[in-house]
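**Student:** Following this message is one structure expressed as structure tokens.
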Amino acid sequence: MGNLLAFEATARHGSVSRAAEELNLTQSAVSRQIQHLEESLGVSLFRRSRQRVVLTDVGRMYAANVRGMLAELSNATHQAIALSGTRGVLNLAVLPTFGTRWLIPRMPEFFAQHPDVTVNFGVRLVPFDFAAEPFDAAIHFGQPHWPGAVCEHLMNEEAVPVCSPSYREREGIRSPRDLTRVTLLQQSTRPTAWAEWFASVEVEVGNPLRGPRFEQFAMVAQAAAAGLGAALIPHFLIADELATGRLEILFPQRLLSSGAYYLVYPEPKAEAALVRSFRDWIMSRTA
């Protein structure tokens with residue numbers, strides 16, 4: 001480990017002396033550690049020129065891998081220290097807007113019931129292999145299809161047409177047909193939403209795909225509140241904007257998505273105590 005630390009610091013600084021200062025070692029000690037590492041690998045990691053050292057092609061590749069390994073080890077160490085005194089940790093992959101707008105504001109209830117549990121949050125937008133990712137469970141939108149995993153239905157998605165009060169007044173939006181001439185804010189993972197909504201209200205529209213596209217509903221909501229256009233957004237994700245009047249529902253017709261939100265976890269963890277506790281809690285909040 002000492003040899004790897006000496007090598008990574010020297011590679012990062014391009015200098016043995018600066019690496020020695022960082023590691024609180026002598027220059028000769030750092031040089032010996034790098035030499036031992038090169039001897040054990042059987043390759044040259046640096047080209048030496050007077051007072052400078054330059055990574056070889058092999059050294060450059062090895063430095064990137066070593067740096068990643070050391071970063072993972074550092075993160076694991078910090079997590080282990082942080083979890084001292086806790087009963088368990090749940091690593092949860094979430095959809096960003098669902099996580100920030102719906103799940104995290106409700107997490108104090110879960111922690112009140114499980115005060116010694118730590119929940120770590122990460123973002124994943126599409127299904128992944130649980131065996132290759134550091135997650136115990138995930139929040140998924142779409143169909144209940146995830147190889148090797150259990151999908152528990154949480155809630156359906158009903159989107160409502162909204163815009164800011166000032167935008168509605170400026171554009172004179174009085175009927176669904178008026179939306180055919182305004183800017184339509186698009187959510188990239190729901191490309192057919194506007195077309196489906198116009199069809200449900202029996203209004204013909206030339207190009208329902210026109211308008212700026214956003215990757216997350218949080219961005220769409222912010223754009224609509226800023227007066228950039230009209231948007232179709234799940235009602236439960238914009239409760240704050242509706243309550244404060246930053247957004248208003250234009251028409252009562254809602255769009256029920258063909259997909260839904262699911263809690264997903266790998267089959268081997270179906271009876272894991274912490275996964276089971278989180279499953280029972282979140283399903284009670286969405287029942």
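Each chain in the structure tokens gets a letter, A, B and so on, in the order shown; residues start at 1 in every chain, and ligands are counted from 1 in the order they appear.
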Taking a cut-off of 9 Å and counting only C-alpha atoms, can you build a table that, for each residue of stretch 27-131 of chain A near stretch 199-218 of chain A, reports the nearest atom pair and how far apart they are in Å (one decimal), sorted by chain then residue number, as JSON lines?
**Tutor:**
{"residue": "A:Leu95", "atom": "CA", "partner": "A:Gln216", "partner_atom": "CA", "distance": 8.9}
{"residue": "A:Pro96", "atom": "CA", "partner": "A:Gln216", "partner_atom": "CA", "distance": 7.4}
{"residue": "A:Thr97", "atom": "CA", "partner": "A:Ala218", "partner_atom": "CA", "distance": 5.5}
{"residue": "A:Phe98", "atom": "CA", "partner": "A:Phe217", "partner_atom": "CA", "distance": 8.7}
{"residue": "A:Thr100", "atom": "CA", "partner": "A:Ala218", "partner_atom": "CA", "distance": 8.8}
{"residue": "A:Arg101", "atom": "CA", "partner": "A:Ala218", "partner_atom": "CA", "distance": 8.1}
**Student:** Give me the residues within 12 Å of A:Val123 as a ChimeraX atom specification, counting only C-alpha atoms and dropping any in the same chain fewer than 4 places off.
**Tutor:** /A:91-100,127-128,133-135,137-140,216
**Student:** What lies within 12 Å of A:Ile238 using only C-alpha atoms, ignoring chain neighbours under 3 positions off, as a PyMOL selection string?
**Tutor:** chain A and resi 97-98+100-102+158-163+217-222+224-225+231-235+241-249
**Student:** Keeping only N, CA and C atoms, write the selected residues to a file as a CSV table (one decimal), in the first residue's frame.
**Tutor:**
chain,number,residue,atom,x,y,z
A,97,THR,N,-36.0,13.3,-9.5
A,97,THR,CA,-37.1,14.1,-9.1
A,97,THR,C,-38.0,13.4,-8.0
A,98,PHE,N,-38.2,12.1,-8.2
A,98,PHE,CA,-39.0,11.4,-7.3
A,98,PHE,C,-38.3,11.4,-5.9
A,100,THR,N,-36.0,13.7,-4.7
A,100,THR,CA,-35.9,15.0,-4.0
A,100,THR,C,-37.3,15.6,-3.7
A,101,ARG,N,-38.3,15.3,-4.5
A,101,ARG,CA,-39.6,15.9,-4.4
A,101,ARG,C,-40.6,15.1,-3.5
A,102,TRP,N,-40.4,13.8,-3.6
A,102,TRP,CA,-41.4,13.0,-2.9
A,102,TRP,C,-40.8,12.2,-1.8
A,158,GLU,N,-50.1,10.2,-12.8
A,158,GLU,CA,-51.1,11.0,-13.5
A,158,GLU,C,-50.5,12.4,-13.7
A,159,ALA,N,-50.3,12.8,-15.0
A,159,ALA,CA,-49.8,14.1,-15.3
A,159,ALA,C,-50.9,15.1,-15.6
A,160,VAL,N,-50.6,16.3,-15.1
A,160,VAL,CA,-51.6,17.4,-15.3
A,160,VAL,C,-51.0,18.5,-16.1
A,161,PRO,N,-51.7,19.2,-17.0
A,161,PRO,CA,-51.2,20.3,-17.8
A,161,PRO,C,-51.1,21.6,-16.9
A,162,VAL,N,-49.9,22.2,-16.8
A,162,VAL,CA,-49.7,23.3,-15.9
A,162,VAL,C,-48.9,24.4,-16.6
A,163,CYS,N,-48.9,25.6,-16.1
A,163,CYS,CA,-48.0,26.6,-16.4
A,163,CYS,C,-48.1,27.7,-15.3
A,217,PHE,N,-38.1,15.9,-14.4
A,217,PHE,CA,-39.3,16.6,-14.2
A,217,PHE,C,-39.0,17.9,-13.3
A,218,ALA,N,-38.0,17.8,-12.5
A,218,ALA,CA,-37.7,19.0,-11.7
A,218,ALA,C,-37.3,20.2,-12.5
A,219,MET,N,-36.6,19.9,-13.6
A,219,MET,CA,-36.2,20.9,-14.6
A,219,MET,C,-37.5,21.4,-15.3
A,220,VAL,N,-38.3,20.5,-15.7
A,220,VAL,CA,-39.6,20.9,-16.4
A,220,VAL,C,-40.4,21.8,-15.5
A,221,ALA,N,-40.6,21.4,-14.2
A,221,ALA,CA,-41.3,22.2,-13.3
A,221,ALA,C,-40.8,23.6,-13.1
A,222,GLN,N,-39.4,23.7,-13.0
A,222,GLN,CA,-38.8,25.0,-12.9
A,222,GLN,C,-39.0,25.9,-14.1
A,224,ALA,N,-41.5,25.7,-16.3
A,224,ALA,CA,-42.8,26.1,-16.3
A,224,ALA,C,-43.1,27.2,-15.3
A,225,ALA,N,-42.6,27.1,-14.1
A,225,ALA,CA,-42.8,28.2,-13.1
A,225,ALA,C,-42.1,29.5,-13.6
A,231,ALA,N,-46.5,22.7,-19.4
A,231,ALA,CA,-45.9,21.4,-19.2
A,231,ALA,C,-46.9,20.3,-18.7
A,232,LEU,N,-46.6,19.1,-19.0
A,232,LEU,CA,-47.4,18.0,-18.4
A,232,LEU,C,-46.5,17.3,-17.3
A,233,ILE,N,-46.9,17.4,-16.1
A,233,ILE,CA,-46.1,17.0,-15.0
A,233,ILE,C,-46.9,16.1,-14.0
A,234,PRO,N,-46.4,15.0,-13.5
A,234,PRO,CA,-47.1,14.3,-12.5
A,234,PRO,C,-47.6,15.2,-11.3
A,235,HIS,N,-48.8,15.0,-11.0
A,235,HIS,CA,-49.4,15.9,-9.9
A,235,HIS,C,-48.6,15.9,-8.6
A,241,GLU,N,-45.4,23.7,-5.8
A,241,GLU,CA,-45.6,24.8,-6.8
A,241,GLU,C,-47.1,25.1,-6.9
A,242,LEU,N,-48.0,24.1,-6.8
A,242,LEU,CA,-49.4,24.3,-6.8
A,242,LEU,C,-49.9,25.0,-5.6
A,243,ALA,N,-49.3,24.6,-4.4
A,243,ALA,CA,-49.8,25.2,-3.2
A,243,ALA,C,-49.4,26.7,-3.1
A,244,THR,N,-48.3,27.0,-3.6
A,244,THR,CA,-47.8,28.4,-3.5
A,244,THR,C,-48.3,29.3,-4.7
A,245,GLY,N,-48.9,28.6,-5.7
A,245,GLY,CA,-49.4,29.4,-6.8
A,245,GLY,C,-48.4,29.7,-7.9
A,246,ARG,N,-47.2,29.1,-7.8
A,246,ARG,CA,-46.2,29.3,-8.9
A,246,ARG,C,-46.6,28.6,-10.1
A,247,LEU,N,-47.4,27.5,-10.0
A,247,LEU,CA,-48.0,26.8,-11.1
A,247,LEU,C,-49.5,26.6,-10.8
A,248,GLU,N,-50.2,26.5,-11.9
A,248,GLU,CA,-51.6,26.2,-11.8
A,248,GLU,C,-52.1,25.2,-12.8
A,249,ILE,N,-53.0,24.4,-12.5
A,249,ILE,CA,-53.5,23.4,-13.4
A,249,ILE,C,-54.4,24.1,-14.4
**Student:** Going by DSSP on the backbone, which bits of stretch 63-138 of chain A are helix (DSSP H, G or I)? Write them as a ChimeraX atom specification, please.
**Tutor:** /A:63-82,96-113,130-132
**Student:** Give me the residues near stretch 266-280 of chain A as a ChimeraX atom specification, where near means some atom within 12 Å (using only C-alpha atoms) and where sequence neighbours in that chain fewer than 4 positions away do not count.
**Tutor:** /A:87-92,103,107,109-111,113-114,116-119,127-139,146-154,262,284-287
**Student:** Which polymer residues have any atom within 12 Å of an atom of A:Asn65, counting only C-alpha atoms, with same-chain residues fewer than 5 positions away left out, as an NGL selection string?
**Tutor:** :A and (4 or 7-8 or 11 or 58-60 or 70-72)
**Student:** Identify, with DSSP run on backbone atoms, the residues in stretch 48-281 of chain A assigned to strand (DSSP E), and express the list as a ChimeraX atom specification.
**Tutor:** /A:48-49,52-55,88-94,117-123,137-142,149-163,184-187,213-214,230-234,248-249,255-266
**Student:** Calculate how many Å separate atom CA of A:Leu5 from atom CA of A:Gln33, rounding to one decimal.
**Tutor:**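 Here the two named atoms are 9.0 Å from each other.
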**Student:** Which residue, A:Val30, A:Val264, A:Ala230, A:Ala64, has the smallest gap to A:Ser15 when you use only C-alpha atoms?
**Tutor:** A:Val30
**Student:** Using Å and a single decimal, report how far atom CA of A:Gly259 sits from atom CA of A:Trp281.
**Tutor:**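 Separation between atom CA of A:Trp281 and atom CA of A:Gly259: 22.1 Å.
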